[in-house]
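Shown next: structure_19.csv, given as CSV, C-alpha atoms.
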chain,number,residue,atom,x,y,z
L,1,MET,CA,0.0,0.0,0.0
L,2,VAL,CA,2.8,2.4,1.0
L,3,LEU,CA,4.7,1.3,-2.1
L,4,MET,CA,1.7,2.1,-4.3
L,5,VAL,CA,1.4,5.6,-2.9
L,6,ALA,CA,5.1,6.1,-3.3
L,7,VAL,CA,5.0,5.0,-6.9
L,8,ALA,CA,1.9,7.2,-7.6
L,9,LEU,CA,3.4,10.3,-6.1
L,10,SER,CA,6.9,9.9,-7.5
L,11,SER,CA,5.6,9.6,-11.0
L,12,LEU,CA,3.7,12.9,-10.7
L,13,LEU,CA,7.0,14.6,-10.1
L,14,LEU,CA,8.3,13.5,-13.5
L,15,SER,CA,6.6,15.7,-16.1
L,16,ALA,CA,7.1,15.6,-19.8
L,17,ASP,CA,5.4,17.8,-22.4
L,18,PRO,CA,6.3,16.3,-25.8
L,19,LYS,CA,5.3,18.2,-28.9
L,20,GLY,CA,4.8,17.0,-32.4
L,21,LYS,CA,3.2,17.9,-35.7
L,22,LEU,CA,-0.2,17.3,-37.1
L,23,ASN,CA,-1.1,17.9,-40.8
L,24,ILE,CA,-4.4,17.6,-42.5
L,25,VAL,CA,-3.6,16.2,-46.0
L,26,ASN,CA,-7.1,16.0,-47.4
L,27,LEU,CA,-10.6,16.9,-46.3
L,28,THR,CA,-13.8,16.0,-48.2
L,29,THR,CA,-17.4,16.1,-47.4
L,30,ARG,CA,-19.9,13.5,-48.5
L,31,THR,CA,-23.6,13.1,-47.8
L,32,GLY,CA,-25.1,9.7,-46.9
L,33,GLY,CA,-26.4,7.4,-44.2
L,34,THR,CA,-24.7,6.3,-41.0
L,35,ARG,CA,-24.9,3.2,-38.8
L,36,GLY,CA,-28.0,4.3,-36.9
L,37,ARG,CA,-29.7,6.0,-39.9
L,38,PRO,CA,-28.7,4.1,-43.1
L,39,ARG,CA,-31.1,6.1,-45.4
L,40,ALA,CA,-30.7,9.6,-44.1
L,41,LYS,CA,-28.8,12.3,-45.9
L,42,ILE,CA,-26.1,13.3,-43.4
L,43,ASP,CA,-23.1,15.4,-44.2
L,44,GLN,CA,-19.9,13.6,-43.1
L,45,ILE,CA,-16.3,14.5,-43.5
L,46,ARG,CA,-13.5,12.3,-44.5
L,47,VAL,CA,-10.1,13.4,-43.1
L,48,ASN,CA,-6.7,12.2,-44.2
L,49,PHE,CA,-3.9,13.3,-41.9
L,50,ASN,CA,-0.4,12.6,-41.0
L,51,SER,CA,1.4,13.2,-37.8
L,52,THR,CA,4.8,12.9,-36.2
L,53,ALA,CA,5.4,13.0,-32.4
L,54,ASP,CA,7.8,11.6,-30.0
L,55,LEU,CA,5.8,10.5,-27.0
L,56,ARG,CA,8.5,8.3,-25.5
L,57,PRO,CA,9.3,10.8,-22.7
L,58,LEU,CA,5.8,10.0,-21.4
L,59,PHE,CA,6.8,6.5,-20.5
L,60,ASN,CA,8.2,6.1,-17.0
L,61,TRP,CA,8.1,3.4,-14.3
L,62,ASN,CA,4.4,4.1,-13.6
L,63,THR,CA,3.1,4.3,-17.2
L,64,LYS,CA,0.9,1.4,-18.2
L,65,GLN,CA,-0.2,2.8,-21.5
L,66,LEU,CA,-0.9,5.9,-23.6
L,67,PHE,CA,-4.2,6.6,-25.2
L,68,VAL,CA,-3.7,8.9,-28.2
L,69,TRP,CA,-6.4,10.5,-30.3
L,70,VAL,CA,-7.0,13.2,-32.9
L,71,GLN,CA,-9.9,15.5,-32.2
L,72,ALA,CA,-11.8,17.8,-34.6
L,73,GLU,CA,-13.4,20.9,-33.2
L,74,TYR,CA,-15.9,23.3,-34.7
L,75,ILE,CA,-18.9,25.5,-33.9
L,76,SER,CA,-22.0,24.7,-35.8
L,77,ALA,CA,-24.4,27.2,-37.4
L,78,LYS,CA,-26.7,27.1,-34.3
L,79,GLY,CA,-23.8,27.8,-31.9
L,80,THR,CA,-23.2,24.3,-30.7
L,81,GLN,CA,-19.6,23.6,-29.7
L,82,ASN,CA,-18.5,20.2,-31.0
L,83,GLN,CA,-15.5,18.1,-30.2
L,84,ILE,CA,-15.3,14.8,-32.0
L,85,VAL,CA,-12.7,12.1,-31.9
L,86,LEU,CA,-11.9,11.0,-35.4
L,87,TRP,CA,-9.0,8.5,-34.7
L,88,ASP,CA,-7.6,6.9,-31.6
L,89,ASP,CA,-4.9,4.4,-30.6
L,90,ILE,CA,-3.5,2.6,-27.6
L,91,ILE,CA,0.2,2.5,-27.1
L,92,GLN,CA,1.5,0.0,-24.6
L,93,ARG,CA,5.3,0.0,-25.3
L,94,LYS,CA,7.8,2.8,-25.2
L,95,GLU,CA,9.2,1.5,-28.5
L,96,ASP,CA,5.9,2.2,-30.2
L,97,ALA,CA,5.6,5.8,-28.8
L,98,LEU,CA,7.5,7.4,-31.6
L,99,LEU,CA,4.6,8.2,-33.8
L,100,ASN,CA,4.8,8.5,-37.6
L,101,LEU,CA,1.3,8.3,-38.8
L,102,ARG,CA,-0.5,8.4,-42.1
L,103,ALA,CA,-4.2,7.7,-41.4
L,104,ARG,CA,-7.8,8.6,-42.0
L,105,ASN,CA,-10.7,9.0,-39.7
L,106,GLU,CA,-12.0,5.8,-38.0
L,107,TYR,CA,-15.1,7.5,-36.7
L,108,VAL,CA,-17.9,9.3,-38.5
L,109,ILE,CA,-18.0,13.1,-38.1
L,110,HIS,CA,-21.3,14.7,-38.5
L,111,ASP,CA,-23.3,17.5,-37.1
L,112,LEU,CA,-26.4,17.2,-34.8
L,113,SER,CA,-28.3,19.1,-37.5
L,114,PHE,CA,-26.9,16.7,-40.2
L,115,LYS,CA,-25.6,19.7,-42.2
L,116,PHE,CA,-22.3,21.5,-42.0
L,117,ALA,CA,-23.6,24.6,-43.8
L,118,GLY,CA,-22.8,27.7,-41.8
L,119,ALA,CA,-20.4,26.0,-39.4
L,120,SER,CA,-17.1,27.5,-38.4
L,121,PRO,CA,-13.8,26.1,-39.8
L,122,LEU,CA,-12.3,23.0,-38.2
L,123,ASN,CA,-9.5,22.8,-35.7
L,124,PHE,CA,-7.6,19.5,-35.3
L,125,THR,CA,-5.6,18.5,-32.2
L,126,LEU,CA,-3.5,15.4,-31.3
L,127,LYS,CA,-4.1,14.6,-27.6
L,128,TYR,CA,-2.9,12.0,-25.2
L,129,ASN,CA,-3.9,10.4,-21.9
L,130,VAL,CA,-1.2,8.8,-19.7
L,131,MET,CA,-2.7,5.8,-17.9
L,132,PRO,CA,-0.7,4.8,-14.8
L,133,TYR,CA,-0.2,1.4,-13.1
L,134,VAL,CA,-1.5,3.2,-10.0
L,135,GLY,CA,-2.3,6.8,-9.3
L,136,LEU,CA,-3.7,9.8,-11.3
L,137,LEU,CA,-4.6,9.9,-14.9
L,138,THR,CA,-2.9,12.8,-16.8
L,139,TYR,CA,-3.8,14.5,-20.0
L,140,GLY,CA,-1.9,16.6,-22.6
L,141,GLU,CA,-1.9,18.0,-26.0
L,142,ALA,CA,0.9,17.0,-28.4
L,143,ALA,CA,0.1,18.9,-31.6
L,144,THR,CA,-2.5,21.1,-33.3
L,145,THR,CA,-3.1,22.3,-36.8
L,146,THR,CA,-1.6,25.7,-37.5
L,147,LYS,CA,-4.8,27.3,-38.7
L,148,PRO,CA,-8.5,26.4,-38.9
L,149,ILE,CA,-9.6,24.6,-42.1
L,150,PRO,CA,-13.0,25.4,-43.6
L,151,PHE,CA,-15.5,22.7,-44.4
L,152,PRO,CA,-15.4,21.7,-48.1
L,153,LYS,CA,-18.5,21.7,-50.2
L,154,PRO,CA,-20.4,18.4,-50.0
L,155,LEU,CA,-20.0,16.1,-53.0
L,156,GLU,CA,-23.3,15.0,-54.4
L,157,LYS,CA,-23.5,11.2,-54.8
O,1,MET,CA,-14.2,-24.7,23.3
O,2,PHE,CA,-17.7,-23.3,22.9
O,3,SER,CA,-18.5,-23.5,26.5
O,4,ASP,CA,-15.2,-21.6,27.1
O,5,THR,CA,-16.4,-18.7,25.0
O,6,ILE,CA,-19.8,-18.6,26.8
O,7,LYS,CA,-18.0,-18.7,30.1
O,8,ASN,CA,-15.9,-15.8,28.8
O,9,VAL,CA,-18.9,-13.7,27.9
O,10,ARG,CA,-20.5,-14.4,31.3
O,11,LYS,CA,-17.3,-13.3,33.0
O,12,LEU,CA,-17.2,-10.1,31.1
O,13,GLY,CA,-20.8,-9.3,31.7
O,14,VAL,CA,-23.6,-7.8,29.7
O,15,ARG,CA,-22.2,-4.3,29.9
O,16,HIS,CA,-19.0,-5.3,28.1
O,17,VAL,CA,-20.9,-7.1,25.3
O,18,LEU,CA,-23.0,-4.1,24.8
O,19,LEU,CA,-20.0,-1.8,24.7
O,20,GLN,CA,-18.4,-4.0,22.1
O,21,ALA,CA,-21.6,-3.9,20.0
O,22,LEU,CA,-21.6,-0.2,20.3
O,23,ASN,CA,-17.9,-0.1,19.1
O,24,PHE,CA,-18.9,-2.3,16.1
O,25,ALA,CA,-21.7,0.1,15.3
O,26,THR,CA,-19.4,3.1,15.5
O,27,VAL,CA,-17.0,1.5,13.0
O,28,LEU,CA,-19.9,0.8,10.6
O,29,ALA,CA,-21.3,4.4,11.0
O,30,SER,CA,-18.0,6.1,10.5
O,31,GLY,CA,-17.4,4.0,7.4
O,32,LEU,CA,-20.7,5.2,6.0
O,33,MET,CA,-19.9,8.7,7.1
O,34,MET,CA,-16.6,8.7,5.3
O,35,TRP,CA,-18.2,7.3,2.1
O,36,LYS,CA,-21.0,9.9,2.1
O,37,GLY,CA,-18.6,12.7,3.0
O,38,LEU,CA,-16.3,11.8,0.1
O,39,GLY,CA,-19.4,11.7,-2.1
O,40,LEU,CA,-20.3,15.3,-1.0
O,41,TRP,CA,-16.8,16.5,-1.6
O,42,THR,CA,-16.5,15.0,-5.0
O,43,ASN,CA,-20.1,15.7,-5.9
O,44,THR,CA,-20.8,12.2,-7.1
O,45,GLU,CA,-23.1,9.5,-5.8
O,46,SER,CA,-20.3,6.9,-5.7
O,47,PRO,CA,-16.8,8.4,-5.5
O,48,ILE,CA,-15.2,5.0,-5.8
O,49,VAL,CA,-16.3,2.3,-8.3
O,50,VAL,CA,-15.1,-1.2,-9.2
O,51,VAL,CA,-14.7,-2.1,-12.9
O,52,LEU,CA,-17.1,-4.9,-13.8
O,53,SER,CA,-16.5,-5.5,-17.5
O,54,GLY,CA,-13.6,-5.8,-19.9
O,55,SER,CA,-14.8,-3.2,-22.3
O,56,MET,CA,-12.0,-0.8,-21.3
O,57,GLU,CA,-9.2,-3.3,-21.5
O,58,PRO,CA,-6.2,-3.0,-21.6
O,59,ALA,CA,-6.6,0.1,-19.5
O,60,PHE,CA,-9.0,-1.3,-16.9
O,61,TYR,CA,-9.6,-4.9,-16.0
O,62,ARG,CA,-12.4,-6.5,-13.9
O,63,GLY,CA,-11.8,-5.7,-10.2
O,64,ASP,CA,-9.7,-2.5,-10.7
O,65,LEU,CA,-10.7,0.4,-8.5
O,66,LEU,CA,-11.5,3.9,-10.0
O,67,PHE,CA,-11.7,7.2,-8.1
O,68,LEU,CA,-14.2,9.7,-9.5
O,69,THR,CA,-14.9,13.4,-9.2
O,70,ASN,CA,-17.8,15.3,-10.7
O,71,PRO,CA,-17.6,19.0,-10.0
O,72,SER,CA,-20.8,20.7,-11.3
O,73,SER,CA,-18.8,23.2,-13.3
O,74,LEU,CA,-16.8,20.5,-15.1
O,75,ARG,CA,-17.1,20.4,-18.9
O,76,TYR,CA,-16.2,17.0,-20.2
O,77,GLN,CA,-13.7,16.7,-23.0
O,78,THR,CA,-12.9,14.0,-25.6
O,79,GLY,CA,-10.7,11.4,-24.1
O,80,ASP,CA,-12.0,11.8,-20.6
O,81,ILE,CA,-13.2,8.5,-19.0
O,82,THR,CA,-16.7,8.8,-17.6
O,83,VAL,CA,-18.9,6.6,-15.5
O,84,TYR,CA,-22.5,6.9,-16.5
O,85,LYS,CA,-25.8,5.3,-15.7
O,86,ILE,CA,-28.7,5.2,-18.1
O,87,PRO,CA,-32.1,5.5,-16.4
O,88,GLY,CA,-33.7,2.1,-15.9
O,89,GLN,CA,-30.4,0.3,-15.8
O,90,SER,CA,-28.8,-0.6,-12.6
O,91,ILE,CA,-25.2,-1.1,-13.7
O,92,PRO,CA,-23.0,2.0,-14.3
O,93,ILE,CA,-20.8,1.9,-17.3
O,94,VAL,CA,-17.2,3.1,-17.5
O,95,HIS,CA,-16.4,4.4,-21.0
O,96,ARG,CA,-14.4,7.1,-22.8
O,97,VAL,CA,-15.9,10.2,-24.3
O,98,LEU,CA,-15.8,10.2,-28.1
O,99,GLU,CA,-17.9,13.3,-28.8
O,100,THR,CA,-19.0,16.3,-26.9
O,101,ARG,CA,-21.7,18.7,-28.1
O,102,ASP,CA,-22.2,21.8,-26.0
O,103,VAL,CA,-25.7,23.0,-27.0
O,104,PRO,CA,-26.5,26.6,-26.1
O,105,LYS,CA,-29.6,27.0,-24.1
O,106,THR,CA,-32.4,28.2,-26.3
O,107,ASN,CA,-35.1,29.1,-23.8
O,108,VAL,CA,-32.8,31.6,-22.0
O,109,PRO,CA,-33.8,35.2,-22.7
O,110,SER,CA,-31.2,36.8,-25.1
O,111,ARG,CA,-30.4,39.4,-22.5
O,112,SER,CA,-28.6,37.0,-20.2
O,113,LEU,CA,-25.5,37.0,-22.5
O,114,GLU,CA,-24.8,33.4,-21.8
O,115,LYS,CA,-22.2,32.8,-24.5
O,116,VAL,CA,-20.3,30.0,-22.9
O,117,PRO,CA,-22.4,26.8,-22.9
O,118,ARG,CA,-23.0,25.5,-19.4
O,119,PRO,CA,-22.0,22.0,-18.5
O,120,GLU,CA,-25.6,20.9,-18.0
O,121,ASN,CA,-26.3,21.5,-21.7
O,122,GLN,CA,-23.6,19.1,-22.8
O,123,LEU,CA,-24.3,16.0,-24.8
O,124,LEU,CA,-21.8,13.2,-24.8
O,125,LEU,CA,-21.2,10.1,-26.9
O,126,THR,CA,-19.0,7.4,-25.4
O,127,LYS,CA,-17.1,4.3,-26.4
O,128,GLY,CA,-15.2,1.5,-24.6
O,129,ASP,CA,-11.6,1.3,-25.7
O,130,ASN,CA,-12.0,-2.4,-26.2
O,131,ASN,CA,-15.3,-2.2,-28.2
O,132,ALA,CA,-15.4,-1.8,-31.9
O,133,LEU,CA,-18.4,0.5,-32.0
O,134,ASP,CA,-19.6,3.5,-29.9
O,135,ASP,CA,-22.2,3.1,-27.2
O,136,LEU,CA,-25.3,4.2,-29.2
O,137,ASP,CA,-26.8,0.7,-28.7
O,138,LEU,CA,-26.4,1.0,-24.9
O,139,TYR,CA,-28.3,4.2,-24.6
O,140,HIS,CA,-31.8,2.7,-24.8
O,141,GLY,CA,-33.1,5.0,-27.5
O,142,LEU,CA,-31.2,8.1,-26.5
O,143,SER,CA,-28.9,9.5,-29.2
O,144,HIS,CA,-26.4,10.9,-26.7
O,145,ILE,CA,-26.1,10.8,-22.9
O,146,GLU,CA,-26.7,14.0,-21.0
O,147,ARG,CA,-24.9,15.5,-18.1
O,148,GLN,CA,-27.5,14.2,-15.6
O,149,HIS,CA,-26.6,10.6,-16.6
O,150,VAL,CA,-22.9,11.0,-15.8
O,151,VAL,CA,-21.8,9.8,-12.3
O,152,GLY,CA,-18.3,11.2,-12.6
O,153,LYS,CA,-15.0,11.4,-14.3
O,154,VAL,CA,-12.2,8.9,-13.6
O,155,ARG,CA,-9.3,10.7,-11.9
O,156,GLY,CA,-7.3,7.9,-10.2
O,157,PHE,CA,-6.7,4.2,-10.6
O,158,MET,CA,-5.7,1.4,-8.4
O,159,PRO,CA,-5.4,-2.2,-9.7
O,160,TYR,CA,-7.1,-5.4,-8.5
O,161,VAL,CA,-8.2,-4.1,-5.1
O,162,GLY,CA,-11.9,-4.1,-6.0
O,163,TYR,CA,-11.8,-7.8,-6.8
O,164,VAL,CA,-12.9,-8.6,-3.2
O,165,THR,CA,-16.3,-6.9,-3.9
O,166,ILE,CA,-16.8,-8.8,-7.1
O,167,MET,CA,-16.0,-12.1,-5.2
O,168,MET,CA,-18.5,-11.0,-2.5
O,169,ASN,CA,-21.2,-10.4,-5.2
O,170,ASP,CA,-20.5,-13.7,-7.0
O,171,TYR,CA,-20.5,-15.7,-3.7
O,172,PRO,CA,-22.9,-14.0,-1.2
O,173,GLN,CA,-22.0,-16.6,1.4
O,174,LEU,CA,-18.5,-15.1,1.5
O,175,LYS,CA,-20.0,-11.7,2.4
O,176,TYR,CA,-22.0,-13.1,5.3
O,177,ALA,CA,-19.2,-15.2,6.5
O,178,LEU,CA,-16.9,-12.2,6.5
O,179,LEU,CA,-19.4,-9.9,8.2
O,180,GLY,CA,-20.4,-12.5,10.7
O,181,SER,CA,-16.8,-13.4,11.7
O,182,LEU,CA,-16.0,-9.7,12.0
O,183,GLY,CA,-19.0,-9.1,14.2
O,184,LEU,CA,-18.2,-12.2,16.4
O,185,LEU,CA,-14.5,-11.2,16.7
O,186,SER,CA,-15.4,-7.7,17.8
O,187,LEU,CA,-17.9,-9.0,20.3
O,188,LEU,CA,-15.6,-11.6,21.9
O,189,GLN,CA,-12.5,-9.5,21.8
O,190,ARG,CA,-11.2,-8.5,25.2
O,191,GLU,CA,-9.8,-5.0,25.4

Kindly return the structure encoded in the file as structure tokens.
Amino acid sequence: MVLMVAVALSSLLLSADPKGKLNIVNLTTRTGGTRGRPRAKIDQIRVNFNSTADLRPLFNWNTKQLFVWVQAEYISAKGTQNQIVLWDDIIQRKEDALLNLRARNEYVIHDLSFKFAGASPLNFTLKYNVMPYVGLLTYGEAATTTKPIPFPKPLEK
Amino acid sequence: MFSDTIKNVRKLGVRHVLLQALNFATVLASGLMMWKGLGLWTNTESPIVVVLSGSMEPAFYRGDLLFLTNPSSLRYQTGDITVYKIPGQSIPIVHRVLETRDVPKTNVPSRSLEKVPRPENQLLLTKGDNNALDDLDLYHGLSHIERQHVVGKVRGFMPYVGYVTIMMNDYPQLKYALLGSLGLLSLLQRE
């Protein structure tokens, strides 16, 4: 028990704030159904991105795993603030924490109104959550896009 | 052996037995007090929960202990791990936030200048790290969970310790045996 507390407290003293890069390569909008509503006309974006970040400093003796994700953020026409995870990954070994990604979104991104018309441009951020063997969970931001990217016009299908 | 203990009790007298019973009750009451006090401080109905399923593996396994807080001003963000409870279902679920939608209040008069959405207007979509799909099918018809369904945010983690409670739930006899022996011990113990 004492050992657990010691491990949890000591790892809080070690802080790392690694930074990397996040680039949006391609952004397109299409209109179609989703899992819950297969026949609806819902605007969805498809994002291709690449990212490099060295998250190895986040691994210390009390790091069980990292949870890493890319978040899209925008404000819709009605003023709703949206944060949506488009891609995530679990990293369990220090050797795998040197990220060099080329990926596209795993999750559907759509608006509550089903339309992106009138929405603010998008911001993208690479975030991480350090999950310990014992103790507190910590969060951080590793990279963000340099400037907001506007929604592309929907492609008719 | 049994007559020995009875003799023991007789020697100590009724007063002593009552005192021990009172002691036992104090222990129970202070335990409850600490639990409720912790709940008040963290603003959640259960500040400590035990993981019951494998849907957050490899982060959390069955029997791991989670510490929650739920300040009323807290906005949830993507990547936060929430514990939520859908009305009509008894088991709380521990899953990670995939989407947050801060909907501005529409029925507020325009004069109140409430630009920043308040936490109670937040809609969340969650997913278990170990699940392929999001939790839409768990919501019983809701399209998102609301702030009122959220029990708290996971802040701290301790492995395995909660497995005792799972054992006690799976084998109720164990619970009664443990409680009974604790009670007997405290009654028969000589100061």

Which of these residues is nearest to O:Thr100, using only C-alpha atoms: L:Lys94, L:Gly118, L:Asn82, L:Val25?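 Nearest to O:Thr100: L:Asn82.
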
Please indicate the distance in Å from atom CA of L:Pro18 to atom CA of L:Leu55, rounded to one decimal place.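 These two atoms are separated by 5.9 Å.
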
I need the residue nearest O:Leu12 from this list: O:Leu188, O:Met33, O:Ser143, O:Lys153. Use only C-alpha atoms for the distance.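 Smallest separation from O:Leu12 among the options: O:Leu188.
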
Interatomic distance between atom CA of O:Arg155 and atom CA of O:Gln89? 23.8 Å

Got a sec to check which residues sit within 8 Å of (-5.8, 0.6, -27.9), counting all atoms listed in the file, and write them as a list in words?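 Those within range, by chain then number, are Phe67, Asp88, Asp89, Ile90 and Ile91 of chain L; Pro58, Asp129 and Asn130 of chain O.
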
For those residues, write C-alpha atoms to a file as a PDB file, in the frame of the given file.
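Contents of selection_18.pdb, as written:
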ATOM      1  CA  PHE L  67      -4.200   6.600 -25.200  1.00  0.00           C
ATOM      2  CA  ASP L  88      -7.600   6.900 -31.600  1.00  0.00           C
ATOM      3  CA  ASP L  89      -4.900   4.400 -30.600  1.00  0.00           C
ATOM      4  CA  ILE L  90      -3.500   2.600 -27.600  1.00  0.00           C
ATOM      5  CA  ILE L  91       0.200   2.500 -27.100  1.00  0.00           C
TER       6      ILE L  91
ATOM      7  CA  PRO O  58      -6.200  -3.000 -21.600  1.00  0.00           C
ATOM      8  CA  ASP O 129     -11.600   1.300 -25.700  1.00  0.00           C
ATOM      9  CA  ASN O 130     -12.000  -2.400 -26.200  1.00  0.00           C
TER      10      ASN O 130
END

Find the residues around L:Thr28 up to 7 Å (all atoms listed in the file counted), leave out those fewer than 4 positions away in its own chain, and share them as JSON, numbers by chain. {"L": [45, 46, 47, 152]}

Saved selection, atoms kept: C-alpha atoms, as a tab-separated table (two decimals), in the coordinates of the input:
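The resulting file, part_13.tsv, is shown below:
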chain	number	residue	atom	x	y	z
L	45	ILE	CA	-16.30	14.50	-43.50
L	46	ARG	CA	-13.50	12.30	-44.50
L	47	VAL	CA	-10.10	13.40	-43.10
L	152	PRO	CA	-15.40	21.70	-48.10

Within 8 Å of (-10.0, 10.6, -34.7) in the file's own coordinates, which protein, DNA or RNA residues have an atom, counting only C-alpha atoms? List them as a ChimeraX atom specification. /L:69-72,84-88,104-107

Export C-alpha atoms of the chosen residues as a compact mmCIF listing (two decimals), in the coordinates of the input?
# COMPACT_ATOMS: atom_id res chain seq x y z
CA TRP L 69 -6.40 10.50 -30.30
CA VAL L 70 -7.00 13.20 -32.90
CA GLN L 71 -9.90 15.50 -32.20
CA ALA L 72 -11.80 17.80 -34.60
CA ILE L 84 -15.30 14.80 -32.00
CA VAL L 85 -12.70 12.10 -31.90
CA LEU L 86 -11.90 11.00 -35.40
CA TRP L 87 -9.00 8.50 -34.70
CA ASP L 88 -7.60 6.90 -31.60
CA ARG L 104 -7.80 8.60 -42.00
CA ASN L 105 -10.70 9.00 -39.70
CA GLU L 106 -12.00 5.80 -38.00
CA TYR L 107 -15.10 7.50 -36.70

Shortest interatomic distance to L:Arg35 - which of L:Pro154, L:Val108, L:Lys147, L:Thr138, counting only C-alpha atoms: L:Val108

Write down, as a list in words, each residue of chain L that has any atom within 6 Å of an atom of chain O, counting all atoms listed in the file.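 Listing them in order of chain and number gives Thr80, Gln81, Asn82, Gln83, Ile84, Val85, Val134, Gly135, Leu136 and Leu137 of chain L.
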
Please produce a file of those selected residues containing C-alpha atoms, as a short mmCIF file (atom, residue, chain, number, x, y, z; two decimals), keeping the file's coordinate frame.
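New file result.cif:
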data_model
loop_
_atom_site.label_atom_id
_atom_site.label_comp_id
_atom_site.auth_asym_id
_atom_site.auth_seq_id
_atom_site.Cartn_x
_atom_site.Cartn_y
_atom_site.Cartn_z
CA THR L 80 -23.20 24.30 -30.70
CA GLN L 81 -19.60 23.60 -29.70
CA ASN L 82 -18.50 20.20 -31.00
CA GLN L 83 -15.50 18.10 -30.20
CA ILE L 84 -15.30 14.80 -32.00
CA VAL L 85 -12.70 12.10 -31.90
CA VAL L 134 -1.50 3.20 -10.00
CA GLY L 135 -2.30 6.80 -9.30
CA LEU L 136 -3.70 9.80 -11.30
CA LEU L 137 -4.60 9.90 -14.90
#

Pick from L:Asn129, L:Arg56, L:Ala103, L:Ser76, whichever lies nearest to L:Asn26 using only C-alpha atoms: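 Checking each candidate against L:Asn26, we get L:Ala103 as the closest.
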
With all atoms listed in the file as the basis for distance, which of O:Ser55, O:Ser186, O:Thr44, O:Asn169 is at the shortest distance from O:His149? O:Thr44

Can you tell me how far atom CA of O:Lys127 sits from atom CA of O:Ile145, in Å to one decimal?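 Atom CA of O:Ile145 lies 11.6 Å from atom CA of O:Lys127.
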
Nearest to L:Ile24, chosen from L:Gly79, L:Pro57, L:Pro38, L:Pro150, with all atoms listed in the file counted in the distances: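 Among the listed residues, the smallest separation from L:Ile24 belongs to L:Pro150.
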
Show which residues sit within 8 Å of O:Asn43, as a PyMOL selection string. Count all atoms listed in the file, and ignore same-chain residues fewer than 5 positions away. chain O and resi 69-72

Let me see the file: selected residues, C-alpha atoms, as a JSON list (two decimals), in the coordinates of the input.
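Generated output (selection_15.json):
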[["chain", "number", "residue", "atom", "x", "y", "z"],
["O", 69, "THR", "CA", -14.90, 13.40, -9.20],
["O", 70, "ASN", "CA", -17.80, 15.30, -10.70],
["O", 71, "PRO", "CA", -17.60, 19.00, -10.00],
["O", 72, "SER", "CA", -20.80, 20.70, -11.30]]

Within 12 Å of L:Asp17, counting all atoms listed in the file, which residues show up once you throw out same-chain ones fewer than 4 positions away? Write them as a ChimeraX atom specification, please. /L:53-59,127-130,138-143

I'd like the contact shell of stretch 112-114 of chain L - 8 Å cut-off, only C-alpha atoms, skipping same-chain residues fewer than 4 positions apart - returned as a PDB file with C-alpha atoms, in the coordinates of the input.
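Okay, this is what ended up in part-v5.pdb:
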ATOM      1  CA  LYS L  41     -28.800  12.300 -45.900  1.00  0.00           C
ATOM      2  CA  ILE L  42     -26.100  13.300 -43.400  1.00  0.00           C
ATOM      3  CA  ASP L  43     -23.100  15.400 -44.200  1.00  0.00           C
TER       4      ASP L  43
END

Residue neighbourhood L:Ile149, 10 Å, only C-alpha atoms, exclusion window fewer than 5 positions, as a PDB file with C-alpha atoms, in the frame of the given file:
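Listing of selection-v4.pdb after writing:
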ATOM      1  CA  ILE L  24      -4.400  17.600 -42.500  1.00  0.00           C
ATOM      2  CA  LEU L  27     -10.600  16.900 -46.300  1.00  0.00           C
ATOM      3  CA  TYR L  74     -15.900  23.300 -34.700  1.00  0.00           C
ATOM      4  CA  SER L 120     -17.100  27.500 -38.400  1.00  0.00           C
ATOM      5  CA  PRO L 121     -13.800  26.100 -39.800  1.00  0.00           C
ATOM      6  CA  LEU L 122     -12.300  23.000 -38.200  1.00  0.00           C
ATOM      7  CA  ASN L 123      -9.500  22.800 -35.700  1.00  0.00           C
ATOM      8  CA  PHE L 124      -7.600  19.500 -35.300  1.00  0.00           C
TER       9      PHE L 124
END
